[in-house]
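Listing of target02.cif, mmCIF, C-alpha atoms
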data_coords
#
loop_
_atom_site.label_atom_id
_atom_site.label_comp_id
_atom_site.auth_asym_id
_atom_site.auth_seq_id
_atom_site.Cartn_x
_atom_site.Cartn_y
_atom_site.Cartn_z
CA ARG A 1207 6.18 24.70 -14.46
CA VAL A 1208 2.66 23.20 -14.35
CA HIS A 1209 1.96 20.88 -11.44
CA ASP A 1210 1.07 17.29 -12.38
CA PRO A 1211 -1.09 15.84 -9.57
CA VAL A 1212 -0.52 12.32 -10.90
CA THR A 1213 3.27 12.15 -10.67
CA HIS A 1214 4.36 15.15 -8.56
CA ASP A 1215 4.72 14.83 -4.80
CA VAL A 1216 3.13 17.41 -2.48
CA PRO A 1217 3.64 18.53 1.14
CA SER A 1218 1.90 16.31 3.67
CA THR A 1219 1.82 18.82 6.54
CA PRO A 1220 1.69 22.60 7.02
CA ALA A 1221 5.28 22.43 8.30
CA GLU A 1222 6.42 20.83 5.04
CA SER A 1223 4.61 23.52 3.03
CA GLU A 1224 6.33 26.27 5.00
CA SER A 1225 9.77 24.67 4.69
CA LEU A 1226 9.22 24.07 0.98
CA SER A 1227 8.52 27.77 0.40
CA GLY A 1228 11.68 28.68 2.29
CA PHE A 1229 13.71 26.13 0.33
CA ARG A 1230 12.42 27.48 -2.98
CA GLN A 1231 13.31 31.01 -1.99
CA ALA A 1232 16.81 30.02 -0.89
CA LEU A 1233 17.46 28.29 -4.23
CA LYS A 1234 15.93 31.12 -6.23
CA GLU A 1235 18.14 33.71 -4.52
CA ASP A 1236 21.23 31.74 -5.55
CA GLU A 1237 19.83 31.02 -9.04
CA ILE A 1238 20.04 27.27 -8.48
CA VAL A 1239 17.96 25.06 -10.79
CA VAL A 1240 17.42 21.38 -10.05
CA PRO A 1241 18.61 19.28 -13.05
CA SER A 1242 15.75 17.79 -15.04
CA SER A 1243 17.08 14.24 -14.62
CA MET A 1244 16.53 14.51 -10.87
CA CYS A 1245 12.87 15.47 -11.26
CA ALA A 1246 11.42 12.24 -12.70
CA ASN A 1247 10.45 10.88 -9.28
CA GLY A 1248 7.84 13.23 -7.86
CA GLY A 1249 8.67 16.28 -9.96
CA GLU A 1250 10.92 19.18 -8.96
CA GLN A 1251 8.76 19.72 -5.89
CA GLY A 1252 9.20 16.08 -4.95
CA VAL A 1253 12.99 16.47 -5.10
CA LEU A 1254 12.89 19.39 -2.68
CA LEU A 1255 10.52 17.57 -0.33
CA ARG A 1256 12.71 14.46 -0.18
CA TYR A 1257 15.78 16.48 0.76
CA LEU A 1258 13.79 18.44 3.33
CA ARG A 1259 12.42 15.25 4.88
CA ALA A 1260 15.89 13.73 4.98
CA ARG A 1261 17.10 16.75 6.93
CA LYS A 1262 14.06 17.13 9.21
CA LEU A 1263 12.83 20.23 7.32
CA ASP A 1264 16.03 22.16 8.04
CA VAL A 1265 16.34 24.33 4.90
CA PRO A 1266 20.10 25.13 5.10
CA LYS A 1267 20.94 21.45 5.66
CA ALA A 1268 18.59 20.31 2.88
CA LYS A 1269 20.13 22.87 0.53
CA ALA A 1270 23.67 21.71 1.33
CA MET A 1271 22.62 18.08 0.77
CA LEU A 1272 20.97 18.89 -2.56
CA LEU A 1273 23.97 20.85 -3.83
CA ALA A 1274 26.29 18.00 -2.82
CA THR A 1275 24.15 15.57 -4.84
CA MET A 1276 24.11 17.86 -7.89
CA LYS A 1277 27.91 18.12 -7.70
CA TRP A 1278 28.29 14.35 -7.25
CA ARG A 1279 26.00 13.58 -10.20
CA ALA A 1280 27.90 15.96 -12.47
CA GLU A 1281 31.35 14.72 -11.44
CA ASN A 1282 30.38 11.05 -11.89
CA ASP A 1283 28.24 11.48 -15.03
CA ILE A 1284 25.31 9.75 -13.32
CA ASP A 1285 22.81 10.87 -15.98
CA ALA A 1286 24.64 8.77 -18.58
CA LEU A 1287 24.03 5.47 -16.75
CA LEU A 1288 20.71 4.98 -18.58
CA ASP A 1289 21.88 6.29 -21.96
CA THR A 1290 22.86 2.85 -23.26
CA PRO A 1291 21.60 -0.71 -22.69
CA LEU A 1292 23.63 -3.30 -20.84
CA ASP A 1293 25.54 -6.08 -22.53
CA GLU A 1294 22.99 -8.85 -21.97
CA ASN A 1295 25.49 -11.70 -21.83
CA GLU A 1296 27.61 -9.92 -19.24
CA PHE A 1297 24.53 -8.94 -17.26
CA ARG A 1298 23.43 -12.59 -17.29
CA GLU A 1299 26.79 -13.61 -15.80
CA ASN A 1300 26.54 -10.92 -13.13
CA ALA A 1301 22.94 -11.79 -12.31
CA SER A 1302 23.85 -15.43 -11.72
CA LEU A 1303 26.18 -14.22 -8.96
CA TYR A 1304 23.61 -11.77 -7.58
CA PRO A 1305 20.08 -13.26 -7.98
CA ALA A 1306 17.50 -10.46 -8.07
CA SER A 1307 14.67 -8.99 -10.13
CA TYR A 1308 11.92 -6.41 -10.15
CA HIS A 1309 8.62 -8.09 -9.38
CA GLY A 1310 5.54 -6.00 -10.10
CA VAL A 1311 4.07 -3.74 -7.42
CA ASP A 1312 2.98 -4.18 -3.81
CA ALA A 1313 -0.47 -3.63 -2.31
CA THR A 1314 0.00 0.15 -2.26
CA GLY A 1315 1.42 0.38 -5.80
CA ARG A 1316 5.11 0.62 -4.93
CA PRO A 1317 7.49 -1.14 -7.32
CA VAL A 1318 8.91 -4.31 -5.78
CA TYR A 1319 12.59 -5.23 -5.95
CA MET A 1320 13.31 -8.81 -4.91
CA GLU A 1321 16.74 -10.23 -4.06
CA ARG A 1322 18.08 -13.59 -2.87
CA THR A 1323 20.81 -11.91 -0.84
CA GLY A 1324 21.72 -15.11 0.96
CA SER A 1325 22.65 -16.75 -2.34
CA ALA A 1326 24.65 -13.82 -3.70
CA LYS A 1327 28.37 -14.33 -4.29
CA PHE A 1328 29.47 -10.82 -3.34
CA SER A 1329 33.19 -11.46 -3.19
CA ALA A 1330 33.22 -13.21 -6.59
CA LEU A 1331 31.18 -10.42 -8.18
CA ILE A 1332 33.41 -7.68 -6.80
CA GLU A 1333 36.48 -9.59 -7.93
CA LYS A 1334 34.94 -9.84 -11.42
CA LEU A 1335 33.77 -6.22 -11.72
CA GLY A 1336 36.09 -4.34 -9.40
CA LEU A 1337 34.70 -1.93 -6.80
CA ASP A 1338 33.91 0.77 -9.37
CA GLY A 1339 32.10 -1.71 -11.59
CA PHE A 1340 30.11 -3.08 -8.66
CA LEU A 1341 29.09 0.46 -7.64
CA ALA A 1342 28.14 1.31 -11.24
CA MET A 1343 25.92 -1.80 -11.34
CA HIS A 1344 24.13 -0.64 -8.20
CA LEU A 1345 23.80 2.96 -9.36
CA ARG A 1346 22.28 2.03 -12.72
CA GLY A 1347 19.62 0.12 -10.81
CA MET A 1348 18.95 3.11 -8.56
CA GLU A 1349 18.59 5.41 -11.57
CA TYR A 1350 16.18 2.94 -13.19
CA GLN A 1351 14.04 2.94 -10.07
CA TYR A 1352 14.23 6.71 -9.67
CA ARG A 1353 13.70 7.74 -13.29
CA VAL A 1354 11.66 4.88 -14.77
CA LEU A 1355 9.89 2.54 -12.33
CA LEU A 1356 8.58 5.11 -9.85
CA PRO A 1357 7.21 7.55 -12.47
CA SER A 1358 5.59 4.59 -14.28
CA ALA A 1359 4.06 3.43 -10.99
CA SER A 1360 2.62 6.90 -10.40
CA LYS A 1361 0.97 6.87 -13.81
CA ALA A 1362 -0.42 3.39 -13.22
CA LYS A 1363 -1.92 4.36 -9.85
CA GLN A 1364 -2.79 7.92 -10.87
CA GLU A 1365 -1.16 9.15 -7.66
CA PRO A 1366 2.43 10.01 -6.75
CA VAL A 1367 4.45 6.88 -5.95
CA THR A 1368 7.90 7.86 -4.70
CA GLN A 1369 9.27 4.89 -2.74
CA MET A 1370 10.31 1.28 -3.36
CA CYS A 1371 9.40 -1.95 -1.59
CA ASN A 1372 12.35 -4.36 -1.25
CA VAL A 1373 12.13 -8.05 -0.38
CA ILE A 1374 15.38 -9.80 0.50
CA ASP A 1375 15.79 -13.52 1.17
CA VAL A 1376 18.81 -14.00 3.43
CA GLY A 1377 18.19 -17.71 4.08
CA GLU A 1378 21.57 -18.95 2.81
CA LEU A 1379 23.60 -15.98 3.97
CA SER A 1380 27.26 -16.73 4.56
CA VAL A 1381 29.19 -14.56 6.98
CA LEU A 1382 32.34 -15.82 5.26
CA ASP A 1383 31.22 -14.31 1.92
CA THR A 1384 30.02 -11.00 3.35
CA VAL A 1385 31.32 -9.24 6.43
CA SER A 1386 34.47 -11.37 6.71
CA HIS A 1387 35.67 -9.95 3.36
CA SER A 1388 36.96 -6.40 3.76
CA GLU A 1389 36.29 -5.57 0.10
CA VAL A 1390 32.65 -6.71 0.42
CA LEU A 1391 32.17 -4.78 3.65
CA GLY A 1392 33.77 -1.72 2.07
CA ALA A 1393 31.51 -1.93 -0.99
CA LEU A 1394 28.35 -2.30 1.12
CA LYS A 1395 29.42 0.65 3.26
CA LYS A 1396 30.02 2.78 0.16
CA ILE A 1397 26.62 1.86 -1.30
CA ALA A 1398 24.83 2.65 1.96
CA SER A 1399 26.53 6.05 2.09
CA ILE A 1400 25.68 6.90 -1.53
CA ASP A 1401 22.05 5.86 -1.15
CA ALA A 1402 21.63 7.91 2.03
CA ASP A 1403 23.36 11.00 0.64
CA HIS A 1404 22.05 11.04 -2.93
CA TYR A 1405 18.81 9.01 -3.05
CA PRO A 1406 17.02 10.21 0.12
CA GLU A 1407 13.57 8.84 0.91
CA ASN A 1408 13.73 6.39 -2.02
CA LEU A 1409 13.13 3.36 0.21
CA GLY A 1410 9.70 2.62 1.65
CA VAL A 1411 10.39 -0.73 3.31
CA THR A 1412 12.76 -3.70 3.14
CA LEU A 1413 11.25 -7.03 4.18
CA VAL A 1414 13.90 -9.48 5.43
CA CYS A 1415 12.95 -13.14 4.94
CA ASN A 1416 14.32 -16.44 6.27
CA ALA A 1417 16.85 -14.74 8.56
CA PRO A 1418 19.39 -17.34 9.85
CA TRP A 1419 21.76 -16.88 12.77
CA ALA A 1420 24.38 -15.55 10.35
CA PHE A 1421 22.11 -12.62 9.53
CA THR A 1422 22.36 -11.34 13.10
CA THR A 1423 26.14 -11.10 12.75
CA ALA A 1424 26.01 -9.52 9.31
CA TRP A 1425 23.22 -7.09 10.26
CA ALA A 1426 25.12 -5.94 13.34
CA MET A 1427 27.89 -4.78 10.99
CA VAL A 1428 25.83 -3.45 8.08
CA ARG A 1429 23.39 -1.46 10.22
CA LEU A 1430 26.31 0.71 11.39
CA PHE A 1431 26.39 2.17 7.86
CA LEU A 1432 22.69 3.15 7.95
CA ASP A 1433 21.05 6.11 9.64
CA LYS A 1434 18.40 5.32 12.24
CA LYS A 1435 15.50 6.22 9.94
CA THR A 1436 16.70 3.76 7.29
CA GLN A 1437 17.34 1.07 9.92
CA GLY A 1438 13.70 1.42 10.94
CA LYS A 1439 12.57 0.57 7.40
CA PHE A 1440 14.11 -2.92 7.64
CA LYS A 1441 11.47 -5.38 8.89
CA VAL A 1442 12.69 -8.85 9.85
CA LEU A 1443 9.74 -11.17 9.30
CA GLY A 1444 8.79 -14.17 11.39
CA LYS A 1445 9.25 -17.72 10.19
CA GLY A 1446 6.88 -20.08 8.41
CA VAL A 1447 3.19 -19.16 8.14
CA ALA A 1448 3.70 -15.81 9.87
CA GLN A 1449 6.32 -14.78 7.30
CA VAL A 1450 4.15 -15.79 4.35
CA GLN A 1451 1.18 -13.89 5.75
CA SER A 1452 3.29 -10.77 6.32
CA LEU A 1453 4.55 -10.94 2.72
CA ALA A 1454 1.02 -11.46 1.40
CA ASP A 1455 -0.23 -8.44 3.35
CA VAL A 1456 2.46 -6.14 1.98
CA LEU A 1457 2.67 -7.50 -1.58
CA GLY A 1458 -1.08 -7.72 -2.10
CA GLY A 1459 -1.99 -11.38 -1.77
CA ILE A 1460 -0.52 -14.87 -1.57
CA GLU A 1461 -0.53 -15.06 -5.39
CA LYS A 1462 2.10 -12.27 -5.45
CA VAL A 1463 4.45 -14.06 -3.02
CA PRO A 1464 7.09 -16.18 -4.84
CA THR A 1465 6.91 -19.94 -4.45
CA PHE A 1466 10.41 -20.02 -2.96
CA LEU A 1467 9.09 -17.81 -0.15
CA GLY A 1468 6.03 -19.96 0.48
CA GLY A 1469 3.58 -18.21 -1.84
CA ARG A 1470 1.84 -19.11 -5.10
CA CYS A 1471 3.52 -16.81 -7.63
CA ALA A 1472 5.38 -18.71 -10.31
CA CYS A 1473 6.54 -16.22 -12.93
CA PRO A 1474 7.63 -17.81 -16.24
CA GLY A 1475 11.39 -18.10 -15.97
CA GLY A 1476 11.29 -17.45 -12.23
CA CYS A 1477 10.41 -14.61 -9.86
CA VAL A 1478 14.16 -13.85 -9.61
CA CYS A 1479 17.00 -15.22 -11.70
CA CYS A 1480 18.24 -18.59 -10.44
CA ASP A 1481 14.85 -19.08 -8.78
CA PRO A 1482 15.30 -22.26 -6.68
CA SER A 1483 11.65 -23.25 -7.23
CA ILE A 1484 12.13 -23.90 -10.97
CA ASP A 1485 14.66 -25.68 -13.14
CA PRO A 1486 17.47 -23.47 -14.49
CA THR A 1487 16.48 -21.70 -17.71
CA GLU A 1488 18.74 -21.00 -20.66
CA GLN A 1489 17.89 -17.31 -20.44
CA VAL A 1490 18.74 -17.17 -16.69
CA LEU A 1491 17.23 -13.66 -16.52
CA THR A 1492 13.60 -12.96 -15.65
CA ASP A 1493 11.48 -11.02 -18.13
CA ALA A 1494 11.74 -7.95 -15.87
CA GLN A 1495 15.53 -8.23 -15.88
CA VAL A 1496 15.62 -8.49 -19.67
CA THR A 1497 13.50 -5.32 -19.87
CA TYR A 1498 15.86 -3.58 -17.45
CA SER A 1499 19.03 -4.67 -19.23
CA ARG A 1500 17.73 -3.48 -22.61
CA PHE A 1501 16.37 -0.17 -21.35
CA CYS A 1502 17.95 3.12 -22.40
CA PHE A 1503 16.65 6.63 -22.92
CA GLY A 1504 18.56 6.97 -26.19
CA ASP A 1505 18.12 10.16 -28.14
CA GLU A 1506 14.43 10.61 -27.40
CA VAL A 1507 13.72 11.53 -23.78
CA GLY A 1508 10.18 12.46 -22.87
CA ASP A 1509 9.50 15.56 -20.78
CA GLU A 1510 7.24 13.50 -18.52
CA VAL A 1511 10.22 11.50 -17.31
CA VAL A 1512 12.98 14.06 -17.30
CA GLY A 1513 11.54 17.48 -17.98
CA ASP A 1514 13.25 20.76 -17.07
CA ALA A 1515 12.50 22.09 -13.60
CA GLU A 1516 12.10 25.73 -12.68
CA VAL A 1517 12.89 26.06 -8.99
CA GLY A 1518 11.20 29.43 -8.65
CA ASP A 1519 7.78 28.24 -9.81
CA GLU A 1520 5.25 27.82 -7.03
CA VAL A 1521 3.29 24.59 -7.14
CA VAL A 1522 0.09 23.60 -5.45
CA GLY A 1523 -1.62 20.23 -5.28
CA ASP A 1524 -3.28 17.61 -3.13
CA VAL A 1525 -1.34 15.31 -0.87
CA GLY A 1526 -0.52 12.04 -2.67
CA ASP A 1527 0.19 8.42 -1.84
CA THR A 1528 2.46 5.66 -3.08
CA PRO A 1529 3.16 4.00 -6.60
CA THR A 1530 4.76 1.68 -9.41
CA ASP A 1531 5.27 -0.54 -12.40
CA ASP A 1532 6.68 -3.97 -13.23
#
Go ahead and express the file in the form of structure tokens.
Amino acid sequence: RVHDPVTHDVPSTPAESESLSGFRQALKEDEIVVPSSMCANGGEQGVLLRYLRARKLDVPKAKAMLLATMKWRAENDIDALLDTPLDENEFRENASLYPASYHGVDATGRPVYMERTGSAKFSALIEKLGLDGFLAMHLRGMEYQYRVLLPSASKAKQEPVTQMCNVIDVGELSVLDTVSHSEVLGALKKIASIDADHYPENLGVTLVCNAPWAFTTAWAMVRLFLDKKTQGKFKVLGKGVAQVQSLADVLGGIEKVPTFLGGRCACPGGCVCCDPSIDPTEQVLTDAQVTYSRFCFGDEVGDEVVGDAEVGDEVVGDVGDTPTDD
């Protein structure tokens, strides 16, 4: 398979190069081929590097992790999550209980996912969808990031972009609606486990805004579900001017920080659905959410996004950076 320096990830150190060669050989000996749907974010080489990095370049452990993901994806028909669009009316109802949206890219080109976590009605949403439905909602979003947003970001930046930037506003967080509900806690634990096991190295940073006292209690519980490396990617920002400046630095300017977080961005229809800085809109959804809800691969799937991967092919290229798309 020909290496694409724009979208395919590359080793960043000699140790990664050496481990990558060993990983390739181990997979080749067992005639294991990485499914094409897993190769959209960073190419087949990028897949192997993410699993190696998640397992500290230990080839046997990375191989076991990769095989577990391939088995999980097949058993749960994960590839099919982007085969059909969402029902827009139902998605609108769900979004009103879980205000969020994609929001362009940050200063380094990573796609930005923004969420008003403190205003989310987790217990009501799980009661409406059931645990399986709630997990499916999360997984479709992860597949969209992995197979659509990140490859698009790489093309836009003309360098590999393989990680997301998350911004979460926890200002109205209710302990009563989160960790005090066993079903909510169980769902969050399940999601954290799935993300760690099957979407390694997908997260670049999560910026936590407007953290109230309740966040300390909730975070003390939720962080138990996260490995130490992931915990380190959560950055609790300061209050007031310091918080706005931190957001501006990461997102690429005050004009990219939403008004409800102290910035100057005022996207038509809101920066997230149910944006508190604007009057409610009939559509409820942001333009980015409408695009997401209507997206599907359909019958025509381009090789650039989900091409076949030959594990045995050696690939060489320059070390890349970060990436994304609206």
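With only C-alpha atoms as the atoms that count, the minimum distance from Leu1263 in chain A to the choices A:Asp1236, A:Asp1433, A:Glu1222, A:Glu1378 is reached by A:Glu1222.
Of the residues under consideration (A:Gly1252, A:Pro1305, A:Pro1211, A:Gly1438), A:Pro1305 shows the shortest atom-to-atom contact distance to Leu1491 in chain A when counting all atoms listed in the file.
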_One decimal, in Å: what's the spacing between CA of Gly1469 in chain A and CA of Thr1497 in chain A?_
24.3 Å
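One distance worth recording is that between CA of Pro1266 in chain A and CA of Gln1251 in chain A, which is 16.7 Å.
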*If you count only C-alpha atoms, which residues fall within 9 Å of Leu1226 in chain A, apart from same-chain ones fewer than 5 positions away, as a ChimeraX atom specification?*
/A:1217,1221,1231,1251,1254-1255,1258,1263,1265
*Could you check how far CA of Ser1225 in chain A sits from CA of Lys1262 in chain A, in Å to one decimal?*
9.8 Å
*Shell around Val1411 in chain A at 9 Å using all atoms listed in the file, local window under 3 positions removed, as a ChimeraX atom specification*: /A:1369-1373,1436,1438-1441
*Can you list, as JSON, numbers by chain, every protein, DNA or RNA residue that comes within 7 Å of Tyr1304 in chain A when you count all atoms listed in the file, leaving out same-chain residues fewer than 4 positions away?*
{"A": [1300, 1326, 1327]}
Would you mind listing what lies within 12 Å of Phe1297 in chain A as an mmCIF file with C-alpha atoms, in the coordinates of the input, with all atoms listed in the file counted and same-chain residues fewer than 3 positions away left out?
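Written file, out10.cif:
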data_model
loop_
_atom_site.group_PDB
_atom_site.id
_atom_site.type_symbol
_atom_site.label_atom_id
_atom_site.label_comp_id
_atom_site.auth_asym_id
_atom_site.auth_seq_id
_atom_site.Cartn_x
_atom_site.Cartn_y
_atom_site.Cartn_z
ATOM 1 C CA PRO A 1291 21.600 -0.710 -22.690
ATOM 2 C CA LEU A 1292 23.630 -3.300 -20.840
ATOM 3 C CA ASP A 1293 25.540 -6.080 -22.530
ATOM 4 C CA GLU A 1294 22.990 -8.850 -21.970
ATOM 5 C CA ASN A 1300 26.540 -10.920 -13.130
ATOM 6 C CA ALA A 1301 22.940 -11.790 -12.310
ATOM 7 C CA SER A 1302 23.850 -15.430 -11.720
ATOM 8 C CA LEU A 1303 26.180 -14.220 -8.960
ATOM 9 C CA TYR A 1304 23.610 -11.770 -7.580
ATOM 10 C CA PRO A 1305 20.080 -13.260 -7.980
ATOM 11 C CA ALA A 1306 17.500 -10.460 -8.070
ATOM 12 C CA LEU A 1331 31.180 -10.420 -8.180
ATOM 13 C CA LYS A 1334 34.940 -9.840 -11.420
ATOM 14 C CA LEU A 1335 33.770 -6.220 -11.720
ATOM 15 C CA GLY A 1339 32.100 -1.710 -11.590
ATOM 16 C CA PHE A 1340 30.110 -3.080 -8.660
ATOM 17 C CA MET A 1343 25.920 -1.800 -11.340
ATOM 18 C CA CYS A 1479 17.000 -15.220 -11.700
ATOM 19 C CA GLN A 1489 17.890 -17.310 -20.440
ATOM 20 C CA VAL A 1490 18.740 -17.170 -16.690
ATOM 21 C CA LEU A 1491 17.230 -13.660 -16.520
ATOM 22 C CA THR A 1492 13.600 -12.960 -15.650
ATOM 23 C CA GLN A 1495 15.530 -8.230 -15.880
ATOM 24 C CA VAL A 1496 15.620 -8.490 -19.670
ATOM 25 C CA THR A 1497 13.500 -5.320 -19.870
ATOM 26 C CA TYR A 1498 15.860 -3.580 -17.450
ATOM 27 C CA SER A 1499 19.030 -4.670 -19.230
ATOM 28 C CA ARG A 1500 17.730 -3.480 -22.610
#
*Which of these residues is nearest to Tyr1319 in chain A, using all atoms listed in the file: A:Arg1256, A:Arg1230, A:Ser1388, A:Gly1410?*
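For Tyr1319 in chain A, the nearest of the given residues is A:Gly1410.
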Can you sort out range 1415-1438 of chain A so it carries N, CA and C atoms, written as a PDB file, keeping the file's coordinate frame?
ATOM      1  N   CYS A1415      13.555 -11.814   4.825  1.00  0.00           N
ATOM      2  CA  CYS A1415      12.950 -13.140   4.940  1.00  0.00           C
ATOM      3  C   CYS A1415      13.978 -14.215   5.279  1.00  0.00           C
ATOM      4  N   ASN A1416      13.511 -15.241   5.983  1.00  0.00           N
ATOM      5  CA  ASN A1416      14.320 -16.440   6.270  1.00  0.00           C
ATOM      6  C   ASN A1416      15.641 -16.112   6.967  1.00  0.00           C
ATOM      7  N   ALA A1417      15.611 -15.171   7.903  1.00  0.00           N
ATOM      8  CA  ALA A1417      16.850 -14.740   8.560  1.00  0.00           C
ATOM      9  C   ALA A1417      17.463 -15.852   9.408  1.00  0.00           C
ATOM     10  N   PRO A1418      18.691 -16.325   9.062  1.00  0.00           N
ATOM     11  CA  PRO A1418      19.390 -17.340   9.850  1.00  0.00           C
ATOM     12  C   PRO A1418      20.230 -16.662  10.929  1.00  0.00           C
ATOM     13  N   TRP A1419      20.924 -17.471  11.719  1.00  0.00           N
ATOM     14  CA  TRP A1419      21.760 -16.880  12.770  1.00  0.00           C
ATOM     15  C   TRP A1419      22.835 -15.994  12.173  1.00  0.00           C
ATOM     16  N   ALA A1420      23.313 -16.333  10.976  1.00  0.00           N
ATOM     17  CA  ALA A1420      24.380 -15.550  10.350  1.00  0.00           C
ATOM     18  C   ALA A1420      23.930 -14.128  10.048  1.00  0.00           C
ATOM     19  N   PHE A1421      22.604 -13.956   9.847  1.00  0.00           N
ATOM     20  CA  PHE A1421      22.110 -12.620   9.530  1.00  0.00           C
ATOM     21  C   PHE A1421      22.322 -11.674  10.705  1.00  0.00           C
ATOM     22  N   THR A1422      22.171 -12.182  11.913  1.00  0.00           N
ATOM     23  CA  THR A1422      22.360 -11.340  13.100  1.00  0.00           C
ATOM     24  C   THR A1422      23.758 -10.746  13.119  1.00  0.00           C
ATOM     25  N   THR A1423      24.749 -11.576  12.795  1.00  0.00           N
ATOM     26  CA  THR A1423      26.140 -11.100  12.750  1.00  0.00           C
ATOM     27  C   THR A1423      26.338 -10.087  11.639  1.00  0.00           C
ATOM     28  N   ALA A1424      25.835 -10.421  10.452  1.00  0.00           N
ATOM     29  CA  ALA A1424      26.010  -9.520   9.310  1.00  0.00           C
ATOM     30  C   ALA A1424      25.265  -8.210   9.528  1.00  0.00           C
ATOM     31  N   TRP A1425      24.035  -8.279  10.046  1.00  0.00           N
ATOM     32  CA  TRP A1425      23.220  -7.090  10.260  1.00  0.00           C
ATOM     33  C   TRP A1425      23.857  -6.167  11.303  1.00  0.00           C
ATOM     34  N   ALA A1426      24.469  -6.748  12.321  1.00  0.00           N
ATOM     35  CA  ALA A1426      25.120  -5.940  13.340  1.00  0.00           C
ATOM     36  C   ALA A1426      26.217  -5.062  12.740  1.00  0.00           C
ATOM     37  N   MET A1427      26.854  -5.556  11.669  1.00  0.00           N
ATOM     38  CA  MET A1427      27.890  -4.780  10.990  1.00  0.00           C
ATOM     39  C   MET A1427      27.294  -3.802   9.996  1.00  0.00           C
ATOM     40  N   VAL A1428      26.384  -4.286   9.158  1.00  0.00           N
ATOM     41  CA  VAL A1428      25.830  -3.450   8.080  1.00  0.00           C
ATOM     42  C   VAL A1428      25.006  -2.295   8.626  1.00  0.00           C
ATOM     43  N   ARG A1429      24.267  -2.503   9.709  1.00  0.00           N
ATOM     44  CA  ARG A1429      23.390  -1.460  10.220  1.00  0.00           C
ATOM     45  C   ARG A1429      24.190  -0.230  10.687  1.00  0.00           C
ATOM     46  N   LEU A1430      25.474  -0.425  10.976  1.00  0.00           N
ATOM     47  CA  LEU A1430      26.310   0.710  11.390  1.00  0.00           C
ATOM     48  C   LEU A1430      26.459   1.727  10.257  1.00  0.00           C
ATOM     49  N   PHE A1431      26.254   1.281   9.016  1.00  0.00           N
ATOM     50  CA  PHE A1431      26.390   2.170   7.860  1.00  0.00           C
ATOM     51  C   PHE A1431      25.104   2.945   7.576  1.00  0.00           C
ATOM     52  N   LEU A1432      24.001   2.572   8.246  1.00  0.00           N
ATOM     53  CA  LEU A1432      22.690   3.150   7.950  1.00  0.00           C
ATOM     54  C   LEU A1432      22.263   4.125   9.030  1.00  0.00           C
ATOM     55  N   ASP A1433      21.585   5.195   8.626  1.00  0.00           N
ATOM     56  CA  ASP A1433      21.050   6.110   9.640  1.00  0.00           C
ATOM     57  C   ASP A1433      19.847   5.439  10.305  1.00  0.00           C
ATOM     58  N   LYS A1434      19.429   5.976  11.439  1.00  0.00           N
ATOM     59  CA  LYS A1434      18.400   5.320  12.240  1.00  0.00           C
ATOM     60  C   LYS A1434      17.065   5.230  11.491  1.00  0.00           C
ATOM     61  N   LYS A1435      16.760   6.240  10.689  1.00  0.00           N
ATOM     62  CA  LYS A1435      15.500   6.220   9.940  1.00  0.00           C
ATOM     63  C   LYS A1435      15.487   5.067   8.948  1.00  0.00           C
ATOM     64  N   THR A1436      16.607   4.854   8.257  1.00  0.00           N
ATOM     65  CA  THR A1436      16.700   3.760   7.290  1.00  0.00           C
ATOM     66  C   THR A1436      16.672   2.416   8.005  1.00  0.00           C
ATOM     67  N   GLN A1437      17.369   2.316   9.146  1.00  0.00           N
ATOM     68  CA  GLN A1437      17.340   1.070   9.920  1.00  0.00           C
ATOM     69  C   GLN A1437      15.907   0.677  10.257  1.00  0.00           C
ATOM     70  N   GLY A1438      15.087   1.679  10.570  1.00  0.00           N
ATOM     71  CA  GLY A1438      13.700   1.420  10.940  1.00  0.00           C
ATOM     72  C   GLY A1438      12.843   0.904   9.802  1.00  0.00           C
TER      73      GLY A1438
END
